[in-house]
>>> print(open('input35.pdb').read())   # PDB, C-alpha atoms and all ligand atoms
MODEL        1
ATOM      1  CA  MET D   1     179.982 218.663-151.855  1.00  0.00           C
ATOM      2  CA  LYS D   2     183.165 219.673-153.669  1.00  0.00           C
ATOM      3  CA  ARG D   3     185.605 217.009-154.812  1.00  0.00           C
ATOM      4  CA  LEU D   4     189.164 218.182-155.240  1.00  0.00           C
ATOM      5  CA  GLY D   5     192.256 216.853-156.946  1.00  0.00           C
ATOM      6  CA  ILE D   6     195.604 218.300-155.859  1.00  0.00           C
ATOM      7  CA  ILE D   7     198.772 218.357-157.947  1.00  0.00           C
ATOM      8  CA  ILE D   8     201.995 219.179-156.143  1.00  0.00           C
ATOM      9  CA  CYS D   9     205.420 220.143-157.485  1.00  0.00           C
ATOM     10  CA  ALA D  10     207.622 217.052-157.685  1.00  0.00           C
ATOM     11  CA  ARG D  11     210.418 218.937-155.932  1.00  0.00           C
ATOM     12  CA  TYR D  12     208.245 218.508-152.841  1.00  0.00           C
ATOM     13  CA  ARG D  13     207.156 214.985-153.655  1.00  0.00           C
ATOM     14  CA  ASP D  14     208.076 213.760-150.173  1.00  0.00           C
ATOM     15  CA  CYS D  15     206.059 216.492-148.490  1.00  0.00           C
ATOM     16  CA  SER D  16     203.723 215.204-145.782  1.00  0.00           C
ATOM     17  CA  GLY D  17     200.909 217.375-147.110  1.00  0.00           C
ATOM     18  CA  GLY D  18     200.351 218.800-143.648  1.00  0.00           C
ATOM     19  CA  LYS D  19     200.015 222.425-144.780  1.00  0.00           C
ATOM     20  CA  CYS D  20     197.527 221.563-147.510  1.00  0.00           C
ATOM     21  CA  PHE D  21     195.353 219.443-145.246  1.00  0.00           C
ATOM     22  CA  ARG D  22     195.446 221.985-142.435  1.00  0.00           C
ATOM     23  CA  ALA D  23     194.464 224.756-144.859  1.00  0.00           C
ATOM     24  CA  LEU D  24     191.606 222.650-146.164  1.00  0.00           C
ATOM     25  CA  ARG D  25     190.322 221.998-142.642  1.00  0.00           C
ATOM     26  CA  GLU D  26     190.622 225.644-141.709  1.00  0.00           C
ATOM     27  CA  ARG D  27     189.445 226.960-145.092  1.00  0.00           C
ATOM     28  CA  GLN D  28     192.524 229.107-145.567  1.00  0.00           C
ATOM     29  CA  GLY D  29     194.595 230.034-148.591  1.00  0.00           C
ATOM     30  CA  SER D  30     193.006 228.830-151.808  1.00  0.00           C
ATOM     31  CA  PHE D  31     190.494 226.779-149.828  1.00  0.00           C
ATOM     32  CA  ALA D  32     188.913 229.914-148.359  1.00  0.00           C
ATOM     33  CA  ARG D  33     186.614 229.838-151.377  1.00  0.00           C
ATOM     34  CA  TYR D  34     184.733 226.870-149.889  1.00  0.00           C
ATOM     35  CA  ALA D  35     182.283 227.618-147.105  1.00  0.00           C
ATOM     36  CA  ALA D  36     183.103 226.101-143.718  1.00  0.00           C
ATOM     37  CA  ASP D  37     179.909 224.054-143.840  1.00  0.00           C
ATOM     38  CA  GLU D  38     180.379 222.838-147.431  1.00  0.00           C
ATOM     39  CA  PRO D  39     181.631 219.242-147.438  1.00  0.00           C
ATOM     40  CA  VAL D  40     184.920 218.878-149.304  1.00  0.00           C
ATOM     41  CA  GLU D  41     186.633 215.665-150.289  1.00  0.00           C
ATOM     42  CA  ILE D  42     190.106 215.034-151.720  1.00  0.00           C
ATOM     43  CA  VAL D  43     189.681 212.543-154.560  1.00  0.00           C
ATOM     44  CA  GLY D  44     193.320 212.515-155.633  1.00  0.00           C
ATOM     45  CA  TYR D  45     196.747 213.838-154.677  1.00  0.00           C
ATOM     46  CA  SER D  46     199.721 213.505-156.977  1.00  0.00           C
ATOM     47  CA  SER D  47     202.921 215.201-158.066  1.00  0.00           C
ATOM     48  CA  CYS D  48     203.492 216.670-161.499  1.00  0.00           C
ATOM     49  CA  GLY D  49     205.972 213.856-162.097  1.00  0.00           C
ATOM     50  CA  GLY D  50     209.016 216.133-162.274  1.00  0.00           C
ATOM     51  CA  CYS D  51     210.008 218.832-164.754  1.00  0.00           C
ATOM     52  CA  PRO D  52     208.503 219.503-167.199  1.00  0.00           C
ATOM     53  CA  GLY D  53     205.431 218.022-165.521  1.00  0.00           C
ATOM     54  CA  GLY D  54     204.439 215.052-167.676  1.00  0.00           C
ATOM     55  CA  ASN D  55     202.030 213.704-165.098  1.00  0.00           C
ATOM     56  CA  VAL D  56     199.854 216.791-165.497  1.00  0.00           C
ATOM     57  CA  GLU D  57     198.905 215.455-168.885  1.00  0.00           C
ATOM     58  CA  HIS D  58     197.367 212.312-167.401  1.00  0.00           C
ATOM     59  CA  VAL D  59     196.517 212.615-163.728  1.00  0.00           C
ATOM     60  CA  PRO D  60     193.382 214.769-164.154  1.00  0.00           C
ATOM     61  CA  ALA D  61     191.796 211.831-165.995  1.00  0.00           C
ATOM     62  CA  GLU D  62     192.268 209.763-162.843  1.00  0.00           C
ATOM     63  CA  PHE D  63     190.811 212.564-160.717  1.00  0.00           C
ATOM     64  CA  LEU D  64     187.755 212.630-162.981  1.00  0.00           C
ATOM     65  CA  LYS D  65     187.110 208.917-162.415  1.00  0.00           C
ATOM     66  CA  TYR D  66     186.512 209.796-158.783  1.00  0.00           C
ATOM     67  CA  GLY D  67     184.202 212.697-159.464  1.00  0.00           C
ATOM     68  CA  CYS D  68     186.664 215.582-159.334  1.00  0.00           C
ATOM     69  CA  ASP D  69     185.072 219.045-159.595  1.00  0.00           C
ATOM     70  CA  VAL D  70     188.160 221.242-159.195  1.00  0.00           C
ATOM     71  CA  VAL D  71     191.914 220.815-159.549  1.00  0.00           C
ATOM     72  CA  HIS D  72     194.230 222.726-157.225  1.00  0.00           C
ATOM     73  CA  LEU D  73     197.832 223.338-158.237  1.00  0.00           C
ATOM     74  CA  ALA D  74     199.628 223.361-154.908  1.00  0.00           C
ATOM     75  CA  THR D  75     201.176 226.469-153.420  1.00  0.00           C
ATOM     76  CA  GLY D  76     204.626 224.932-153.879  1.00  0.00           C
ATOM     77  CA  LEU D  77     204.346 225.660-157.607  1.00  0.00           C
ATOM     78  CA  VAL D  78     204.005 229.342-156.733  1.00  0.00           C
ATOM     79  CA  VAL D  79     206.620 229.673-154.011  1.00  0.00           C
ATOM     80  CA  GLY D  80     209.378 227.300-155.136  1.00  0.00           C
ATOM     81  CA  TYR D  81     212.770 228.684-156.073  1.00  0.00           C
ATOM     82  CA  PRO D  82     212.197 229.182-158.925  1.00  0.00           C
ATOM     83  CA  PRO D  83     208.409 229.063-159.199  1.00  0.00           C
ATOM     84  CA  CYS D  84     207.104 226.505-161.643  1.00  0.00           C
ATOM     85  CA  PRO D  85     207.679 227.954-165.123  1.00  0.00           C
ATOM     86  CA  HIS D  86     204.711 225.955-166.424  1.00  0.00           C
ATOM     87  CA  LEU D  87     202.073 227.097-163.961  1.00  0.00           C
ATOM     88  CA  ARG D  88     199.938 228.988-166.453  1.00  0.00           C
ATOM     89  CA  GLN D  89     200.338 226.273-169.091  1.00  0.00           C
ATOM     90  CA  PHE D  90     199.190 223.604-166.623  1.00  0.00           C
ATOM     91  CA  LYS D  91     196.103 225.626-165.745  1.00  0.00           C
ATOM     92  CA  VAL D  92     195.206 226.360-169.362  1.00  0.00           C
ATOM     93  CA  PHE D  93     195.835 222.764-170.429  1.00  0.00           C
ATOM     94  CA  ILE D  94     193.786 221.083-167.681  1.00  0.00           C
ATOM     95  CA  GLU D  95     190.873 223.464-168.164  1.00  0.00           C
ATOM     96  CA  ALA D  96     190.848 222.956-171.941  1.00  0.00           C
ATOM     97  CA  GLN D  97     191.560 219.234-172.022  1.00  0.00           C
ATOM     98  CA  TYR D  98     189.485 218.053-169.081  1.00  0.00           C
ATOM     99  CA  GLY D  99     186.955 220.837-168.604  1.00  0.00           C
ATOM    100  CA  LEU D 100     187.937 221.087-164.960  1.00  0.00           C
ATOM    101  CA  PRO D 101     188.399 224.476-163.323  1.00  0.00           C
ATOM    102  CA  VAL D 102     191.912 224.936-161.978  1.00  0.00           C
ATOM    103  CA  VAL D 103     192.695 226.966-158.875  1.00  0.00           C
ATOM    104  CA  VAL D 104     196.288 228.041-158.355  1.00  0.00           C
ATOM    105  CA  GLY D 105     197.289 227.298-154.793  1.00  0.00           C
ATOM    106  CA  THR D 106     196.363 225.230-151.799  1.00  0.00           C
ATOM    107  CA  HIS D 107     197.680 226.424-148.416  1.00  0.00           C
ATOM    108  CA  PRO D 108     198.605 230.050-147.629  1.00  0.00           C
ATOM    109  CA  ILE D 109     202.061 231.184-148.696  1.00  0.00           C
ATOM    110  CA  PRO D 110     204.422 230.777-145.728  1.00  0.00           C
ATOM    111  CA  LEU D 111     205.569 234.282-144.786  1.00  0.00           C
ATOM    112  CA  LYS D 112     209.272 233.428-145.069  1.00  0.00           C
ATOM    113  CA  TYR D 113     208.735 232.432-148.703  1.00  0.00           C
ATOM    114  CA  LEU D 114     206.821 235.617-149.460  1.00  0.00           C
ATOM    115  CA  GLU D 115     209.584 237.729-147.926  1.00  0.00           C
ATOM    116  CA  THR D 116     212.298 235.942-149.877  1.00  0.00           C
ATOM    117  CA  HIS D 117     210.378 236.291-153.131  1.00  0.00           C
ATOM    118  CA  HIS D 118     210.015 240.001-152.529  1.00  0.00           C
ATOM    119  CA  LYS D 119     213.828 240.231-152.251  1.00  0.00           C
ATOM    120  CA  LEU D 120     214.375 238.194-155.412  1.00  0.00           C
ATOM    121  CA  SER D 121     213.029 238.739-158.904  1.00  0.00           C
ATOM    122  CA  LEU D 122     211.828 235.230-159.591  1.00  0.00           C
ATOM    123  CA  TRP D 123     208.167 236.161-159.718  1.00  0.00           C
ATOM    124  CA  ASN D 124     206.684 238.039-162.589  1.00  0.00           C
ATOM    125  CA  GLU D 125     204.587 240.139-160.226  1.00  0.00           C
ATOM    126  CA  ALA D 126     201.809 240.894-162.721  1.00  0.00           C
ATOM    127  CA  ASP D 127     201.591 237.263-163.780  1.00  0.00           C
ATOM    128  CA  MET D 128     201.567 235.930-160.224  1.00  0.00           C
ATOM    129  CA  THR D 129     199.019 238.492-159.119  1.00  0.00           C
ATOM    130  CA  GLU D 130     196.724 237.405-161.925  1.00  0.00           C
ATOM    131  CA  LEU D 131     197.197 233.706-161.207  1.00  0.00           C
ATOM    132  CA  ALA D 132     197.425 233.706-157.428  1.00  0.00           C
ATOM    133  CA  GLY D 133     196.462 237.176-156.214  1.00  0.00           C
ATOM    134  CA  HIS D 134     194.188 235.658-153.566  1.00  0.00           C
ATOM    135  CA  LEU D 135     197.268 234.077-151.917  1.00  0.00           C
ATOM    136  CA  MET D 136     199.105 237.405-151.808  1.00  0.00           C
ATOM    137  CA  THR D 137     196.363 239.075-149.788  1.00  0.00           C
ATOM    138  CA  GLU D 138     196.272 236.501-146.977  1.00  0.00           C
ATOM    139  CA  ARG D 139     196.685 237.925-143.458  1.00  0.00           C
ATOM    140  CA  ARG D 140     200.363 238.120-142.453  1.00  0.00           C
ATOM    141  CA  ASP D 141     199.814 236.322-139.147  1.00  0.00           C
ATOM    142  CA  VAL D 142     198.166 233.439-141.016  1.00  0.00           C
ATOM    143  CA  MET D 143     201.073 233.295-143.459  1.00  0.00           C
ATOM    144  CA  GLU D 144     203.526 233.272-140.568  1.00  0.00           C
ATOM    145  CA  SER D 145     201.741 230.350-138.964  1.00  0.00           C
ATOM    146  CA  TYR D 146     202.574 228.325-142.115  1.00  0.00           C
ATOM    147  CA  ASN D 147     206.346 228.971-141.875  1.00  0.00           C
TER     148      ASN D 147
HETATM  149  S1  LIG W 201     208.780 223.211-161.255  1.00  0.00           S
HETATM  150 FE1  LIG W 201     206.821 222.698-162.264  1.00  0.00          FE
HETATM  151  S2  LIG W 201     207.268 221.114-163.772  1.00  0.00           S
HETATM  152 FE2  LIG W 201     209.057 221.262-162.377  1.00  0.00          FE
HETATM  153  S3  LIG W 201     208.722 219.723-160.797  1.00  0.00           S
HETATM  154 FE3  LIG W 201     207.785 221.607-160.013  1.00  0.00          FE
HETATM  155  S4  LIG W 201     205.619 221.632-160.715  1.00  0.00           S
HETATM  156 FE4  LIG W 201     206.737 220.059-161.867  1.00  0.00          FE
ENDMDL
END
>>> encode(input="input35.pdb", output="structure tokens", more="lines below")
Ligand code: SF4
Amino acid sequence: MKRLGIIICARYRDCSGGKCFRALRERQGSFARYAADEPVEIVGYSSCGGCPGGNVEHVPAEFLKYGCDVVHLATGLVVGYPPCPHLRQFKVFIEAQYGLPVVVGTHPIPLKYLETHHKLSLWNEADMTELAGHLMTERRDVMESYN
């Protein structure tokens, strides 16, 4: 059993969560790391609280009360325009402060976002590849199905 806490970008605070929950069911995107037969539970789902992400300081403590094993920083932090400038800091902070591993990403990157980012220069390619390289290598047809 893996117990997950998910933190989304507050720009998408009204998001239904449909992409994340679909990806979890189908073990796609950053959830591909969990075997299809491994039970997975969401113990918490919250936004960062808005720039510069004050809720990240506190919400992992709440996740831990419910047995959290892993924190996922939602794919919106990667693909937003601009991407979250604090992504790496959030990961480093949560891992150091709470001892929880942090995975960057939830659902696959929607193809239209990937294509736009490749036209823009908002991503530091080396940085994003290091943080979220597993999302970049998703099958194109899967990415398109998340548009
Ligand atoms: S860009 Fe980063 S800090 Fe700003 S709202 Fe989104 S996740 Fe939070």
>>> closest_residue(input="input35.pdb", among="D:Arg33, D:Cys51, D:Tyr45, D:Asp69", to="His86 of chain D", atoms="all atoms listed in the file")
D:Cys51
>>> residues_near_point(input="input35.pdb", point="(178.9, 214.9, -156.6)", cutoff="9 Å", atoms="all atoms listed in the file", output="compact mmCIF listing (two decimals) with C-alpha atoms, keeping the file's coordinate frame")
# COMPACT_ATOMS: atom_id res chain seq x y z
CA MET D 1 179.98 218.66 -151.85
CA LYS D 2 183.16 219.67 -153.67
CA ARG D 3 185.60 217.01 -154.81
CA GLY D 67 184.20 212.70 -159.46
CA CYS D 68 186.66 215.58 -159.33
CA ASP D 69 185.07 219.04 -159.60
>>> residues_around(input="input35.pdb", residues="Thr106 of chain D", least_positions_apart="2", cutoff="12 Å", atoms="only C-alpha atoms", output="number ranges by chain")
D: 4-9, 17-34, 42, 45, 70-79, 102-104, 108-110, 132, 134-135, 146
>>> atom_distance(input="input35.pdb", atom1="atom CA of Val56 of chain D", atom2="atom CA of Cys15 of chain D")
18.1 Å
>>> residues_near_ligand(input="input35.pdb", ligand="ligand LIG 201 (chain W)", cutoff="8 Å", atoms="all atoms listed in the file", output="list in words")
Ile8, Cys9, Ala10, Arg11, Tyr12, Ser47, Cys48, Gly49, Gly50, Cys51, Pro52, Gly53, Gly54, Gly76, Leu77, Gly80, Pro82, Pro83, Cys84, Pro85, His86 and Leu87 of chain D
>>> atom_distance(input="input35.pdb", atom1="atom CA of Pro60 of chain D", atom2="atom CA of Leu100 of chain D")
8.4 Å
>>> closest_residue(input="input35.pdb", among="D:Met128, D:Leu114, D:Ile94, D:Ala61", to="Gly44 of chain D", atoms="all atoms listed in the file")
D:Ala61
>>> atom_distance(input="input35.pdb", atom1="atom CA of Tyr81 of chain D", atom2="atom CA of Met136 of chain D")
16.8 Å
>>> axis_aligned_box(input="input35.pdb", around="segment 59-72 of chain D", padding_each_side="6 Å", output="AutoDock Vina command-line options")
--center_x 190.4 --center_y 215.8 --center_z -161.6 --size_x 24.3 --size_y 25.8 --size_z 20.8
>>> closest_residue(input="input35.pdb", among="D:His118, D:Arg13, D:Arg88, D:His58", to="Glu130 of chain D", atoms="all atoms listed in the file")
D:Arg88
>>> closest_residue(input="input35.pdb", among="D:Glu125, D:Glu138, D:Glu57, D:Glu41", to="Lys91 of chain D", atoms="all atoms listed in the file")
D:Glu57
